[in-house]
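Participant: Handing you a structure now.
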Amino acid sequence: MADSLQSLEELKRLAPPAELRRAPVVEGNPNLGALTDKLSQFAEGKTPRWWWILFLPAAFAATVIFPTCLFYQVFTGVGVWGNNHPVMWGLDIVNFIWWVGVAHAGTLISALLFLTRQHWRTTIGRMAEAMTVFSVMMAGLYPAIHVGRAWLDWFMFPVPNSNGLWPQFKSPLMWDVFAVNTYMMVSMLFWFMGMIPDFAALRDRSTTRIRKTIFSFLAMGWTGSARHWHNYEKAYVVLSGLCTLLVFTVSSIVGLDFCTSQLAGWHATIFPLYFVIGAVFCGFGMVLVILIPLRKWCGLENIITKSHIDKVAKLTLVSGLIIDYIYLMEFFIAWYSGDPYERWVFGHRLFGQTYMVLGWMLIGINVVMTQLLWFKKIRSNLAWLFVIGLLINVGMWCERFVIVVGSLYQDFLPANWGKYMPTIWDIGLYIGTLGAFFMLYLLFVKFLPFIAISEVKGATPHGDPHHPLGGAKKGGHQ
Amino acid sequence: MNMSSNETTSLRPLDLSGWRKLPVALMVVGGLLAAVGAVLSPKEFGFSWLLAFMFYYSIALGALFMVLMHHLTDAGWSVGIRRFCEHLASLLRLPLLILFVPVALFSRQIYSWMTLDPAANNLVAAKLPVFTVPGFYVASAIFFGVWWLLTSRLCSLSLEQDQNGSAECTYKMRFHAGWGIVAFALTLTASAVLWMKALQYQWFSAMFGVYFFSDSVWVGLATIYVLAAILFRQGILAAVLKQNYFYFIGVLLLAFTVFSAYTEFAQYFVVWNANVPEETFWYLIRENGNWWWLSMILIVGHCFIPFFALLPVSVKTNFKIVIPVCLWAWVMHAADLGFNIFPALHNEGYPLQWIWLPLGCLLFMGGFLSRSFLNKFQAHPPFPQRDPRLLEAMGVNANVVNDLAEASVGGAR
Amino acid sequence: MSEKIYGLMAEFDSPGAVLHAAEKVRAAGYRRWDVFTPFPIHGIDAVTGQGNSLVGWVSLAMGTGAFASVVGLIWFTNAFDYPLLVGGKPMFSIPMTFVPAYIMMIMGGAIGALVGMLGLNQLPRLHHPLLNKSRFALVSRDKFVIVIGAEDQKFSVTETRKLLETIGGVHVDIVEDQD
């Protein structure tokens with residue numbers, strides 16, 4: 001269409017002022033070969049010291065603390081946790097929701113930003129997807145052992161058995177089984193499919209026989225044919241669409257676990273959306289926590305640029321604002337409905353003596369602190385962002401605690417009230433899952449292509465067939 | 001894409017002069033019907049007028065949302081549609097305020113809580129500072145105040161940039177979009193609650209604001225698609241609209257079809273499953289008489305038909321399919337508003353002999369608002385003339401635009 | 001061991017160059033040829049003449065299949081084989097089945113997308129003649145390769161080589177097909 005514009009002069013007149021130039025996806029304008037070297041460097045190079053420093057404690061938590069707490073609980077019973085009447089859902093469910101939440105931002109970044117054609121997502125998408133995969137694993141564990149008799153988990157699947165019994169499909173908890181399994185499966189598929197071309201790149205670069213063999217198997221004979229790419233891109237779009245639906249579905253179903261009940265503080269029609277947005281918000285906090293150190297230590301400042309971090313921070317702000325809106329709606333409806341129980345519960349979230357600290361932490365972090373992200377100064381300060389990301393994870397953990405325990409410990413009957421305190425086994429298991437998550441994540445960073453090599457290349461001017469650097473004969477046409 | 005631009009250059013603009021008198025005709029016919037209705041039954045008229053008002057209100061809100069999103073996401077493609085979206089959003093100022101006057105005048109006929117004594121009704125008493133007659137007028141005035149401030153700032157800065165092309169305007173618009181999106185969410189929710197949900201003041205649903213938002217954007221996008229298609233066909237926006245931008249609008253329309261189905265399903269499902277009498281009565285009324293049939297039509301027509309019609313990739317740029325879907329979206333949105341509004345008056349089913357009255361109100365407002373929209377549209381350039389993302393919208397490669405920006409800096413130094 | 005010719009490969013340096021070259025190969029009337037690139041190139045689908053990919057349909061079929069089977073499963077288990085009354089709800093109702101059926105539809109659709117992609121691409125495969133060429137390994141790095149297959153009716157080692165050289169290809173080479 002540039003032909004309809006008379007001349008280069010005309011084009012220049014309409015060009016944006018310099019300060020409004022689009023930030024390039026990758027800084028320093030490296031050519032395709034250099035970019036490939038840079039992006040596969042970490043998987044191929046010597047393991048740096050920081051990796052070991054992080055890996056060893058994580059591996060300790062994952063291989064010692066985690067199984068200890070897990071087996072003790074499975075062999076003894078749910079009683080080792082603090083769960084007791086009336087708070088039958090304790091830290092296990094809090095952590096379940098928290099882990100599902102961490103997963104969500106990964107899917108949203110890689111799927112929704114792909115559908116909206118945000119090229120900058122190419123640099124962080126893979127890392128976010130891996131975050132999803134590993135945290136869903138951690139999430140899925142909790143309901144499986146919360147049932148008490150983990151060896152009877154197969155009851156949850158429609159397996160024909162000698163008792164002639166079937167699962168009870170009317171229960172939202174049953175839907176959770178489907179939702180979490182689907183989420184794990186689909187996010188793994190998405191993650192794996194995205195890596196196929198990069199496996200091929202690592203295969204072609206490999207110098208040792210063992211690497212060559214492993215990556216050849218993983219790449220499954222990928223050649224990069226235009227026909228392959230054609231089907232691949234279509235599959236990627238479809239999977240992205242499905243993953244975006246999943247973001248909304250999985251947490252909605254977790255929300256349905258709560259709101260299909262009649263308990264004050266749980267029963268609200270906005271709960272499905274509430275859990276979705278809460279999950280995304282928490283996940284963005286985790287993305288900041290992982291991304292900021294990793295880009296520095298892996299020397300990826302030119303790839304994961306400050307502009308990308310700024311955009312992640314903006315997305316964090318957006319999801320934070322939506323979650324604040326939903327908090328407001330909850331309190332508003334408690335007032336508007338005139339329901340005395342609702343008013344009581346929401347009053348006690350902030351002014352009930354037992355858990356008011358957590359309630360105010362929720363307000364302080366998720367509502368007040370999030371507003372810092374409006375300021376460009378904060379968004380361009382990585383140390384601030386790291387701390388904010390960390391605190392968002394804490395704040396969202398408090399939120400889940402306030403929702404789960406805050407509604408259960410004082411229900412409609414005062415005679416039924418009680419208190420809840422987690423035990424060392426609750427906390428130990430949480431530390432164990434954190435360890436397992438970070439251990440898996442570090443292994444992923446070390447051994448697999450943790451930045452989408454092919455996608456990043458396609459998003460640079462060198463990979464753009466309509467740009468002079470990409471070999472276009474004349475610039476400015478499409 | 002190249003093919004399509006060749007096609008459009010070869011097609012001559014349609015002759016639309018025959019349609020010029022349509023807004024006035026609509027106003028006359030609709031106005032007569034509405035006036036007759038107001039005389040026959042003030043209550044019936046009040047509800048019908050409210051339905052029509054909420055219909056156009058939501059279209060304007062949808063357009064405003066797109067303008068806000070354009071600034072907040074620093075979008076490139078939506079430059080071409082932004083100007084007419086601004087005009088649509090500007091309807092929230094004077095035109096819709098004028099159309100709100102009958103709602104305010106007939107408020108005692110429409111809102112049953114206004115005639116109840118709070119001392120005898122604890123559900124009204126619970127909402128007291130707002131649910132009083134002065135509270136209603138003050139809150140409504142605040143809503144229009146917010147819309148006035150927001151849309152006038154965004155539109156005047158946009159027109160200012162046509163003159164000077166300065167980056168300053170872009171930054172200012174982004175600033176206004178920043179506080180604007182917060183104000184948008186709060187004001188939209190509050191107005192939907194006060195004007196629509198309060199029809200049955202006993203009922204409450206935390207999802208209601210989100211539901212009204214998703215439907216507003218949905219119908220707003222449908223309107224935007226139709227207007228963009230007409231302006232593209234007439235060659236007015238041909239330079240700044242590419243075929244794949246229609247794809248983007250189509251995808252957004254599809255996404256909001258799903259999202260609005262999601263909000264309605266979540267709201268219904270949570271109420272249905274928990275089975276609390278304070279909430280279920282609202283849906284139980286809507287199972288009476290022909291409301292039940294309307295709810296079935298909405299499930300199929302509001303969700304499934306547009307969803308499956310818009311699902312295939314290639315469809316989204318096909319005017320012959322999407323424009324009918326957009327028109328259908330208007331019908332469905334009006335029906336959905338009827339489903340929300342009218343059972344408060346007719347809880348045994350809608351008396352179809354009155355159907356001409358909401359239609360008349362819709363026609364009158366349609367004529368009135370399209371007249372003010374067209375006047376605005378003709379008074380200003382059809383798209384932002386000096387927007388920093390204009391070249392991108394014209395289809396110049398983004399990497400090349402960046403180079404040009406660098407080059408112009410070099411030249412200046 | 002018979003040694004057949006699989007085709008001729010030529011190398012290009014940039015996506016723009018390979019796009020223009022591909023246009024010329026197409027104009028020369030070849031049918032069995034392909035472009036190999038490190039990442040998908042915008043606009044190459046039109047040149048290689050590929051319509052809409054069938055992956056979407058595979059996914060849709062798997063998704064709807066999964067949806068329908070879960071609805072059937074829930075009806076069979078909770079309403080037919082062992083009717084289960086819970087909370088006064090009907091044995092079988094649409095809102096109840098929707099959520100699990102919907103989530104399994106996503107599972108089916110996702111598996112359909114991956115399986116469809118692999119199936120249509122005839123993957124996984126353990127071997128491909130091109131993978132024997134050492135320069136072909138650069139395709140996953142920064143080179144762009146056009147291969148014209150020996151099965152093409154217009155294929156002749158000399159003429160095709162000449163074409164590939166005139167359109168700017170370097171390292172034009174014969175790819176052997178070992179069986």
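By convention in this document, the chains of the structure tokens carry letters A, B, ... by their order, each chain's residues are numbered from 1, and ligands are numbered from 1 in the order they are shown.
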Got a sec: who's within 8 Å of B:Ser58, counting only C-alpha atoms, leaving out chain neighbours fewer than 6 positions off, as a VMD selection string?
Facilitator: chain B and resid 212 to 213 215 to 217 219 to 220
Participant: Generate a file of the selected residues that holds all heavy atoms, formatted as a CSV table (one decimal), in the first residue's frame.
Facilitator:
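result_24.csv written:
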chain,number,residue,atom,x,y,z
B,212,PHE,N,-22.2,-7.1,32.0
B,212,PHE,CA,-22.6,-6.0,31.1
B,212,PHE,C,-21.5,-5.5,30.3
B,212,PHE,O,-21.6,-5.1,29.2
B,212,PHE,CB,-23.2,-4.9,32.0
B,212,PHE,CG,-23.8,-3.8,31.2
B,212,PHE,CD1,-24.9,-4.0,30.4
B,212,PHE,CD2,-23.3,-2.5,31.2
B,212,PHE,CE1,-25.5,-3.0,29.7
B,212,PHE,CE2,-23.8,-1.5,30.4
B,212,PHE,CZ,-24.9,-1.7,29.7
B,213,PHE,N,-20.3,-5.5,30.9
B,213,PHE,CA,-19.1,-5.1,30.2
B,213,PHE,C,-18.9,-6.0,29.0
B,213,PHE,O,-18.7,-5.5,27.8
B,213,PHE,CB,-17.9,-5.1,31.1
B,213,PHE,CG,-16.6,-5.2,30.4
B,213,PHE,CD1,-16.0,-4.1,29.8
B,213,PHE,CD2,-15.9,-6.5,30.3
B,213,PHE,CE1,-14.8,-4.2,29.1
B,213,PHE,CE2,-14.7,-6.5,29.7
B,213,PHE,CZ,-14.1,-5.4,29.1
B,215,ASP,N,-20.9,-7.9,27.3
B,215,ASP,CA,-21.9,-7.7,26.2
B,215,ASP,C,-21.7,-6.3,25.5
B,215,ASP,O,-22.0,-6.2,24.3
B,215,ASP,CB,-23.3,-7.8,26.8
B,215,ASP,CG,-23.8,-9.2,26.8
B,215,ASP,OD1,-22.9,-10.1,26.8
B,215,ASP,OD2,-25.0,-9.4,26.7
B,216,SER,N,-21.3,-5.3,26.3
B,216,SER,CA,-21.2,-4.0,25.7
B,216,SER,C,-20.0,-4.1,24.7
B,216,SER,O,-20.2,-3.5,23.5
B,216,SER,CB,-20.8,-3.0,26.7
B,216,SER,OG,-21.8,-2.8,27.7
B,217,VAL,N,-18.9,-4.7,25.0
B,217,VAL,CA,-17.8,-4.7,24.1
B,217,VAL,C,-18.2,-5.6,22.9
B,217,VAL,O,-17.9,-5.3,21.8
B,217,VAL,CB,-16.5,-5.2,24.8
B,217,VAL,CG1,-15.4,-5.3,23.8
B,217,VAL,CG2,-16.2,-4.3,25.9
B,219,VAL,N,-21.2,-6.1,21.5
B,219,VAL,CA,-22.0,-5.4,20.6
B,219,VAL,C,-21.3,-4.2,20.0
B,219,VAL,O,-21.5,-3.8,18.8
B,219,VAL,CB,-23.4,-5.0,21.2
B,219,VAL,CG1,-23.3,-3.9,22.2
B,219,VAL,CG2,-24.4,-4.7,20.2
B,220,GLY,N,-20.4,-3.6,20.8
B,220,GLY,CA,-19.6,-2.5,20.3
B,220,GLY,C,-18.7,-2.9,19.1
B,220,GLY,O,-18.6,-2.2,18.1
Participant: Write out as a list in words the residues lying within 10 Å of B:Trp113, counting only C-alpha atoms and excluding same-chain residues fewer than 5 positions away.
Facilitator: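 So, after excluding close chain neighbours, the residues are Ser107, Arg108, Pro118, Asn121, Leu123, Val124, Phe131, Thr132, Val133, Ala198, Leu199, Gln200, Tyr201 and Gln202 of chain B.
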Participant: When you look at stretch 90-98 of chain C with a cut-off of 8 Å (counting only C-alpha atoms), what residues show up, excluding the ones that are within fewer than 3 positions of it in the same chain? I need them as a list in words.
Facilitator: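 That gives Phe169 and Lys170 of chain A; Phe269 of chain B; Val70, Val71, Ile74, Trp75, Asn78, Ala79, Pro83, Leu84, Leu85, Val86, Ala101 and Tyr102 of chain C.
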Participant: If you run DSSP on the backbone, which residues of chain C are strand (DSSP E), as a PyMOL selection string?
Facilitator: chain C and resi 3-12+33-36+144-149+170-178
Participant: Using only C-alpha atoms, determine which residues of chain C fall within 7 Å of chain A; present them as a ChimeraX atom specification.
Facilitator: /C:14-17,34-40,45,53,55-56,74,77-78,96,100,103,106-107,110,113-114,117,121,123-127,137,140-142
Participant: Let me make sure I understand: among C:Met62, C:Leu138, C:Leu54, C:Val145, which one has the smallest atom-to-atom distance to chain B if we use only C-alpha atoms?
Facilitator: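 Nearest to chain B: C:Leu54.
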